[in-house]
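File shown: model13.txt. Contents: compact mmCIF, C-alpha atoms and all ligand atoms.
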```
# COMPACT_ATOMS: atom_id res chain seq x y z
CA MET M 1 -14.13 -14.26 -34.18
CA SER M 2 -14.30 -18.00 -34.68
CA THR M 3 -14.20 -19.37 -38.20
CA PRO M 4 -17.16 -21.51 -39.38
CA PHE M 5 -15.15 -24.69 -38.90
CA ALA M 6 -11.62 -25.05 -37.58
CA PRO M 7 -11.18 -28.27 -35.60
CA ASP M 8 -7.41 -28.15 -35.23
CA ALA M 9 -4.98 -25.98 -37.14
CA ARG M 10 -2.34 -28.75 -37.06
CA ASN M 11 -4.55 -31.56 -38.34
CA ASP M 12 -7.60 -31.04 -40.51
CA ALA M 13 -8.86 -34.63 -40.07
CA PRO M 14 -8.29 -35.31 -36.35
CA LEU M 15 -11.18 -37.81 -36.23
CA ASP M 16 -10.08 -39.86 -39.23
CA GLY M 17 -11.07 -43.49 -38.60
CA ARG M 18 -13.38 -42.60 -35.71
CA VAL M 19 -17.07 -43.50 -35.64
CA VAL M 20 -19.40 -40.79 -34.34
CA VAL M 21 -23.14 -41.35 -33.82
CA VAL M 22 -25.49 -38.36 -33.93
CA PRO M 23 -29.06 -39.28 -32.89
CA GLY M 24 -31.16 -36.29 -33.98
CA GLY M 25 -28.63 -35.52 -36.72
CA THR M 26 -31.51 -34.91 -39.13
CA GLY M 27 -32.62 -31.90 -37.06
CA ASN M 28 -31.89 -28.19 -37.34
CA VAL M 29 -29.00 -28.25 -34.87
CA GLY M 30 -28.02 -31.82 -35.71
CA GLU M 31 -27.21 -30.82 -39.30
CA GLY M 32 -24.41 -28.52 -38.10
CA ILE M 33 -23.09 -31.20 -35.75
CA VAL M 34 -23.04 -33.81 -38.52
CA ARG M 35 -21.26 -31.42 -40.92
CA ALA M 36 -18.60 -30.53 -38.35
CA PHE M 37 -17.76 -34.16 -37.50
CA LEU M 38 -17.60 -35.08 -41.17
CA GLY M 39 -15.32 -32.06 -41.68
CA ALA M 40 -13.08 -33.39 -38.91
CA GLY M 41 -12.67 -36.68 -40.79
CA ALA M 42 -15.04 -38.95 -38.84
CA THR M 43 -17.47 -41.51 -40.15
CA VAL M 44 -20.81 -40.14 -38.94
CA VAL M 45 -23.75 -42.45 -38.39
CA VAL M 46 -27.15 -40.74 -38.24
CA PRO M 47 -30.07 -42.92 -37.22
CA GLY M 48 -33.50 -41.52 -38.05
CA ARG M 49 -37.15 -42.44 -37.97
CA SER M 50 -37.77 -41.16 -41.49
CA ARG M 51 -35.92 -42.11 -44.67
CA GLU M 52 -37.07 -38.82 -46.20
CA ARG M 53 -35.43 -36.73 -43.47
CA LEU M 54 -32.23 -38.75 -43.73
CA ASP M 55 -32.14 -38.13 -47.48
CA GLU M 56 -32.81 -34.43 -46.92
CA LEU M 57 -29.83 -34.35 -44.53
CA ALA M 58 -27.58 -35.97 -47.16
CA GLU M 59 -28.62 -33.30 -49.65
CA LEU M 60 -27.88 -30.53 -47.17
CA ILE M 61 -24.45 -32.01 -46.43
CA GLY M 62 -23.60 -32.47 -50.10
CA PRO M 63 -21.29 -34.89 -51.89
CA ARG M 64 -17.91 -33.50 -50.73
CA LEU M 65 -18.39 -34.65 -47.11
CA GLY M 66 -21.30 -37.02 -47.72
CA ASP M 67 -19.26 -40.13 -48.53
CA ARG M 68 -18.61 -40.71 -44.80
CA LEU M 69 -22.23 -39.99 -43.79
CA VAL M 70 -24.05 -43.22 -42.92
CA ARG M 71 -27.82 -42.87 -43.01
CA LEU M 72 -29.47 -45.49 -40.87
CA PRO M 73 -33.26 -45.72 -41.01
CA ALA M 74 -33.82 -46.86 -37.43
CA GLY M 75 -35.62 -45.56 -34.36
CA TYR M 76 -34.18 -45.19 -30.86
CA GLY M 77 -37.33 -44.23 -28.97
CA THR M 78 -37.43 -47.35 -26.79
CA PHE M 79 -34.79 -49.24 -24.78
CA GLU M 80 -35.06 -52.15 -27.22
CA GLU M 81 -34.69 -49.98 -30.33
CA SER M 82 -31.69 -48.14 -28.91
CA THR M 83 -29.95 -51.34 -27.84
CA GLU M 84 -30.53 -52.88 -31.28
CA LEU M 85 -29.18 -49.72 -32.89
CA ALA M 86 -26.03 -49.65 -30.77
CA GLU M 87 -25.40 -53.37 -31.37
CA ARG M 88 -25.86 -52.90 -35.11
CA ILE M 89 -23.46 -49.95 -35.32
CA VAL M 90 -20.79 -51.85 -33.37
CA ALA M 91 -21.33 -54.87 -35.63
CA ASP M 92 -21.16 -52.76 -38.82
CA HIS M 93 -18.28 -50.45 -37.87
CA GLY M 94 -16.43 -52.35 -35.17
CA ARG M 95 -16.54 -49.46 -32.72
CA VAL M 96 -18.34 -46.39 -31.42
CA ASP M 97 -16.00 -43.56 -30.48
CA HIS M 98 -18.26 -40.60 -29.79
CA VAL M 99 -21.99 -40.00 -29.43
CA VAL M 100 -23.59 -36.56 -29.72
CA PRO M 101 -27.36 -36.78 -29.13
CA SER M 102 -29.31 -33.73 -30.38
CA ILE M 103 -32.77 -35.14 -29.78
CA GLY M 104 -36.07 -33.27 -29.66
CA GLY M 105 -36.83 -29.66 -30.52
CA TRP M 106 -38.70 -26.62 -29.27
CA TRP M 107 -42.40 -26.40 -28.50
CA MET M 108 -44.50 -23.79 -26.76
CA GLY M 109 -47.98 -22.34 -26.57
CA LYS M 110 -49.54 -23.74 -23.41
CA THR M 111 -49.26 -23.11 -19.69
CA LEU M 112 -48.53 -26.19 -17.61
CA TRP M 113 -52.18 -26.48 -16.62
CA GLN M 114 -53.30 -26.33 -20.27
CA THR M 115 -50.80 -29.02 -21.27
CA ASP M 116 -52.74 -32.15 -22.13
CA GLU M 117 -51.71 -35.76 -21.96
CA SER M 118 -50.73 -35.98 -25.60
CA ASP M 119 -48.49 -32.86 -25.31
CA TRP M 120 -46.90 -34.37 -22.21
CA GLN M 121 -46.37 -37.70 -23.96
CA GLN M 122 -44.82 -36.08 -27.04
CA HIS M 123 -42.70 -33.34 -25.48
CA PHE M 124 -41.66 -34.94 -22.20
CA VAL M 125 -42.12 -38.69 -22.17
CA GLU M 126 -41.02 -39.57 -25.72
CA THR M 127 -38.05 -37.20 -25.96
CA THR M 128 -36.80 -37.95 -22.43
CA THR M 129 -37.17 -41.70 -23.00
CA SER M 130 -35.22 -41.43 -26.28
CA HIS M 131 -32.36 -39.60 -24.55
CA PHE M 132 -32.29 -42.16 -21.75
CA ALA M 133 -32.56 -45.14 -24.09
CA VAL M 134 -29.67 -43.83 -26.21
CA ALA M 135 -27.49 -43.16 -23.16
CA ARG M 136 -28.02 -46.59 -21.59
CA ALA M 137 -27.39 -48.35 -24.91
CA PHE M 138 -24.33 -46.40 -26.08
CA VAL M 139 -22.38 -45.36 -22.98
CA PRO M 140 -21.35 -48.94 -22.09
CA ARG M 141 -20.28 -49.54 -25.71
CA LEU M 142 -18.13 -46.42 -26.08
CA ASP M 143 -14.49 -46.90 -26.94
CA ALA M 144 -12.21 -46.43 -23.90
CA ALA M 145 -11.08 -43.06 -25.31
CA GLY M 146 -14.61 -42.17 -26.37
CA SER M 147 -16.96 -39.44 -25.27
CA TYR M 148 -20.65 -38.59 -24.94
CA THR M 149 -21.70 -34.97 -25.54
CA LEU M 150 -25.39 -34.28 -25.29
CA ILE M 151 -27.09 -31.15 -26.55
CA ALA M 152 -29.41 -29.18 -24.28
CA GLY M 153 -30.90 -25.70 -24.22
CA PHE M 154 -31.08 -22.88 -21.69
CA ALA M 155 -34.69 -23.89 -21.02
CA ALA M 156 -33.18 -26.56 -18.77
CA ARG M 157 -32.17 -23.83 -16.33
CA GLU M 158 -34.64 -21.04 -17.11
CA PRO M 159 -38.39 -21.58 -17.29
CA TYR M 160 -40.07 -19.92 -20.27
CA PRO M 161 -43.77 -19.03 -20.03
CA ARG M 162 -45.95 -21.51 -21.93
CA ALA M 163 -43.02 -23.86 -22.59
CA GLY M 164 -42.77 -25.51 -19.17
CA VAL M 165 -42.81 -29.05 -20.51
CA ILE M 166 -39.74 -28.34 -22.63
CA SER M 167 -37.94 -26.94 -19.57
CA MET M 168 -38.86 -30.01 -17.54
CA HIS M 169 -37.60 -32.34 -20.29
CA ALA M 170 -34.35 -30.38 -20.70
CA ALA M 171 -33.76 -30.31 -16.93
CA ALA M 172 -34.23 -34.08 -16.76
CA VAL M 173 -31.74 -34.60 -19.58
CA LEU M 174 -29.17 -32.32 -17.93
CA MET M 175 -29.50 -34.19 -14.65
CA MET M 176 -29.16 -37.45 -16.57
CA ARG M 177 -25.79 -36.19 -17.83
CA GLU M 178 -24.72 -35.29 -14.31
CA ALA M 179 -25.89 -38.69 -13.02
CA LEU M 180 -23.95 -40.42 -15.81
CA SER M 181 -20.84 -38.51 -14.75
CA ALA M 182 -21.41 -39.59 -11.14
CA ASP M 183 -21.83 -43.24 -12.18
CA LEU M 184 -18.88 -43.26 -14.58
CA ARG M 185 -16.45 -41.54 -12.22
CA GLY M 186 -14.10 -40.63 -15.04
CA GLN M 187 -14.26 -43.93 -16.95
CA ARG M 188 -15.64 -42.10 -20.00
CA ARG M 189 -15.92 -38.41 -20.80
CA VAL M 190 -19.49 -37.21 -20.58
CA ASN M 191 -20.35 -33.56 -21.19
CA ASN M 192 -23.20 -31.40 -22.41
CA LEU M 193 -23.45 -28.22 -24.42
CA LEU M 194 -25.97 -25.75 -23.01
CA LEU M 195 -27.24 -23.64 -25.90
CA GLY M 196 -29.11 -20.40 -26.32
CA PRO M 197 -31.16 -19.78 -29.49
CA ILE M 198 -29.51 -21.13 -32.64
CA VAL M 199 -29.54 -19.77 -36.18
CA ASN M 200 -30.36 -22.75 -38.39
CA ARG M 201 -32.05 -23.80 -41.64
CA SER M 202 -35.52 -23.35 -40.14
CA ARG M 203 -34.59 -19.99 -38.58
CA PRO M 204 -31.96 -18.51 -40.91
CA ASN M 205 -32.09 -15.04 -39.34
CA GLY M 206 -31.50 -14.14 -35.74
CA ASP M 207 -29.59 -11.90 -33.42
CA PRO M 208 -25.95 -11.60 -34.60
CA SER M 209 -24.78 -12.77 -31.17
CA TRP M 210 -26.51 -16.17 -31.59
CA LEU M 211 -24.52 -19.24 -32.62
CA THR M 212 -25.25 -21.00 -35.89
CA ALA M 213 -25.82 -24.75 -36.10
CA ASP M 214 -22.36 -25.05 -37.69
CA GLN M 215 -20.82 -23.29 -34.71
CA VAL M 216 -22.57 -25.74 -32.36
CA GLY M 217 -20.90 -28.47 -34.44
CA GLU M 218 -17.56 -26.74 -34.11
CA ALA M 219 -17.95 -26.67 -30.31
CA ALA M 220 -19.04 -30.33 -30.19
CA VAL M 221 -15.95 -31.38 -32.16
CA ALA M 222 -13.71 -29.29 -29.90
CA VAL M 223 -15.17 -30.92 -26.77
CA THR M 224 -14.81 -34.36 -28.33
CA LEU M 225 -11.15 -33.73 -29.12
CA ALA M 226 -10.22 -32.32 -25.70
CA PRO M 227 -9.34 -34.99 -23.12
CA SER M 228 -9.37 -32.33 -20.41
CA VAL M 229 -13.06 -31.58 -20.88
CA GLN M 230 -14.82 -34.01 -18.58
CA ASP M 231 -18.15 -33.90 -16.73
CA GLU M 232 -18.76 -30.34 -17.88
CA SER M 233 -21.76 -28.28 -18.89
CA VAL M 234 -20.34 -25.97 -21.56
CA ARG M 235 -22.46 -22.84 -21.74
CA LEU M 236 -22.74 -21.42 -25.26
CA GLY M 237 -25.25 -18.59 -25.29
CA THR M 238 -23.44 -16.19 -27.60
CA VAL M 239 -20.65 -16.15 -30.17
CA GLU M 240 -18.53 -14.33 -27.59
CA GLU M 241 -19.02 -17.22 -25.16
CA LEU M 242 -18.20 -19.68 -27.94
CA ASP M 243 -14.92 -17.92 -28.72
CA ARG M 244 -13.99 -17.88 -25.04
CA GLU M 245 -14.85 -21.55 -24.56
CA LEU M 246 -13.04 -22.65 -27.74
CA ALA M 247 -9.90 -20.82 -26.63
CA ARG M 248 -10.08 -22.53 -23.21
CA ILE M 249 -10.90 -25.98 -24.59
CA ARG M 250 -8.20 -25.89 -27.28
CA ALA M 251 -5.49 -24.43 -25.02
N1 LIG G 1 -32.98 -24.91 -32.39
C1 LIG G 1 -32.58 -24.14 -31.39
O1 LIG G 1 -32.59 -22.90 -31.48
C2 LIG G 1 -32.07 -24.77 -30.12
C3 LIG G 1 -31.68 -23.90 -29.08
C4 LIG G 1 -31.18 -24.44 -27.90
C5 LIG G 1 -31.11 -25.83 -27.77
N2 LIG G 1 -31.51 -26.63 -28.78
C6 LIG G 1 -31.42 -28.08 -28.55
O2 LIG G 1 -30.89 -28.74 -29.69
C7 LIG G 1 -31.47 -30.04 -29.78
C8 LIG G 1 -32.05 -30.24 -31.17
O3 LIG G 1 -32.95 -29.19 -31.47
P1 LIG G 1 -33.40 -28.89 -32.97
O4 LIG G 1 -33.82 -27.49 -33.01
O5 LIG G 1 -32.36 -29.40 -33.90
O6 LIG G 1 -34.69 -29.83 -33.08
P2 LIG G 1 -35.31 -30.54 -34.39
O7 LIG G 1 -34.97 -29.79 -35.61
O8 LIG G 1 -36.74 -30.78 -34.07
O9 LIG G 1 -34.54 -31.93 -34.44
C9 LIG G 1 -34.68 -32.84 -33.40
C10 LIG G 1 -34.33 -34.22 -33.88
O10 LIG G 1 -34.60 -35.14 -32.83
C11 LIG G 1 -35.00 -36.37 -33.39
N3 LIG G 1 -35.98 -37.04 -32.52
C12 LIG G 1 -35.90 -38.30 -32.09
N4 LIG G 1 -36.91 -38.62 -31.30
C13 LIG G 1 -37.68 -37.54 -31.22
C14 LIG G 1 -38.90 -37.28 -30.58
N5 LIG G 1 -39.51 -38.19 -29.79
N6 LIG G 1 -39.45 -36.04 -30.73
C15 LIG G 1 -38.84 -35.11 -31.51
N7 LIG G 1 -37.66 -35.30 -32.14
C16 LIG G 1 -37.10 -36.52 -32.00
C17 LIG G 1 -35.61 -36.07 -34.76
O11 LIG G 1 -35.05 -37.03 -35.64
P3 LIG G 1 -35.93 -37.90 -36.70
O12 LIG G 1 -37.26 -37.24 -36.81
O13 LIG G 1 -35.12 -37.87 -37.95
O14 LIG G 1 -35.97 -39.26 -36.14
C18 LIG G 1 -35.13 -34.67 -35.08
O15 LIG G 1 -34.30 -34.64 -36.21
C19 LIG G 1 -32.50 -30.15 -28.67
O16 LIG G 1 -31.90 -30.76 -27.56
C20 LIG G 1 -32.80 -28.70 -28.36
O17 LIG G 1 -33.23 -28.49 -27.02
C21 LIG G 1 -31.99 -26.14 -29.95
```
Show the structure stored in the file as structure tokens.
Amino acid sequence: MSTPFAPDARNDAPLDGRVVVVPGGTGNVGEGIVRAFLGAGATVVVPGRSRERLDELAELIGPRLGDRLVRLPAGYGTFEESTELAERIVADHGRVDHVVPSIGGWWMGKTLWQTDESDWQQHFVETTTSHFAVARAFVPRLDAAGSYTLIAGFAAREPYPRAGVISMHAAAVLMMREALSADLRGQRRVNNLLLGPIVNRSRPNGDPSWLTADQVGEAAVAVTLAPSVQDESVRLGTVEELDRELARIRA
């Protein structure tokens, strides 16, 4: 069994001095990602559209790790906003080492033909645009040894009834990652985690085989630390898969 957080048995702050940006860090999965990177010693910058949600995240993280959490009230939903955000973080911190976007959540309840224009706008256009805007702003500014690890769900590969728009969004984001890999040709490490259902603060109970948000964070840190993981989609549907992948990645 994996432990809740164990980045590297030889060094408990392997990301000391590194700057990690987590767009969507205020979210259910993002919280675990933020906690794991703080636990690994990084400075973690979380941009967010709402000051309230940023403050709620700081409370959830607590004071022990919170001194390296940078709450940045700023949007990244347009190309302009994302570029301004990336420029500001580089100006403030001098570098961006790793970016782990965990943007947009779950939605269901309508067939594709019932989906109206405002659903489409909210659950496809806005979330997909945010992912793209973040990628085009941050990838060219990543440190030479940096990485980009985006978070996606199984819906990208498996259509769920009455959640088709979410599947279409997730599939677009996964293909964006593959296209980034094709464009970069090894110049930066770009990967994605492909998640099943996650136990998190909004859904504290679930099947025992499901990962928790903290375990997603553990996997994201492991991918970030492993130079050999490049242009991969790391499938993490169950704790058993997580254990197998962590053993492979850390070998
Ligand atoms: N939860 C699960 O069980 C699960 C399972 C598999 C995959 N995933 C994946 O994990 C990622 C995060 O999911 P989550 O459950 O953490 O979602 P969440 O709780 O809704 O958080 C999503 C975050 O995305 C940010 N965001 C920025 N622009 C957005 C927009 N236009 N619409 C909605 N959110 C926007 C929000 O930040 P601000 O509001 O602070 O700006 C929010 O904190 C997604 O890629 C999802 O597909 C989740």
What are the nearest atom pairs, with distances in Å to one decimal, for all residues of range 15-78 of chain M that come at most 7 Å from range 94-114 of chain M, using only C-alpha atoms, set out by chain and rising residue number as a Markdown table?
```
| residue | atom | partner | partner_atom | distance |
| --- | --- | --- | --- | --- |
| M:Arg18 | CA | M:Asp97 | CA | 5.9 |
| M:Val19 | CA | M:Val96 | CA | 5.3 |
| M:Val20 | CA | M:His98 | CA | 4.7 |
| M:Val21 | CA | M:Val99 | CA | 4.7 |
| M:Val22 | CA | M:Val100 | CA | 5.0 |
| M:Pro23 | CA | M:Pro101 | CA | 4.8 |
| M:Gly24 | CA | M:Ile103 | CA | 4.6 |
| M:Gly25 | CA | M:Ser102 | CA | 6.6 |
| M:Gly30 | CA | M:Ser102 | CA | 5.8 |
```
(message) Between CA of Ser202 in chain M and CA of Met176 in chain M, what distance in Å does the model show, to one decimal?
(response)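 Distance between the two atoms: 28.2 Å.
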(message) Let me make sure I understand: among M:Tyr76, M:Phe37, M:Tyr148, M:Trp120, which one has the smallest atom-to-atom distance to Val134 in chain M if we use all atoms listed in the file?
(response) M:Tyr76
(request) Provide the CA of Gly153 in chain M to CA of Thr78 in chain M distance in Å, to one decimal place. (result)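 It comes out at 22.8 Å.
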Sorted by chain and rising residue number, list the residues of range 33-93 of chain M at most 12 Å from range 11-14 of chain M (counting all atoms listed in the file), each with its closest atom pair and distance in Å to one decimal, as a tab-separated table.
```
residue	atom	partner	partner_atom	distance
M:Ala36	CA	M:Ala13	CA	10.7
M:Phe37	CA	M:Ala13	CA	9.3
M:Leu38	CA	M:Ala13	CA	8.8
M:Gly39	CA	M:Ala13	CA	7.1
M:Ala40	CA	M:Ala13	CA	4.5
M:Gly41	CA	M:Ala13	CA	4.4
M:Ala42	CA	M:Ala13	CA	7.6
M:Thr43	CA	M:Ala13	CA	11.0
M:Leu65	CA	M:Ala13	CA	11.8
```
(message) Between CA of Ile166 in chain M and CA of Thr149 in chain M, what distance in Å does the model show, to one decimal?
(response)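 So the answer is 19.4 Å.
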(message) I want to know what sits within 7 Å of Ser167 in chain M, based on all atoms listed in the file, with residues of the same chain fewer than 4 positions away left out; could you give that as number ranges by chain?
(response) M: 155-156, 159, 163, 171
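Distances here use all atoms listed in the file; by that measure, the residue among M:Ser181, M:Thr83, M:Thr26, M:Thr127 closest to Glu59 in chain M is M:Thr26.
Closest approach to Asn200 in chain M among M:Met175, M:Ala133, M:Asp214, M:Gln187: M:Asp214, based on all atoms listed in the file.
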(request) Would you please work out which residue, of M:Val46, M:Val165, M:Ala152, M:Ile61, is nearest to Asp116 in chain M when using only C-alpha atoms? (result)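 Checking each candidate against Asp116 in chain M, we get M:Val165 as the closest.
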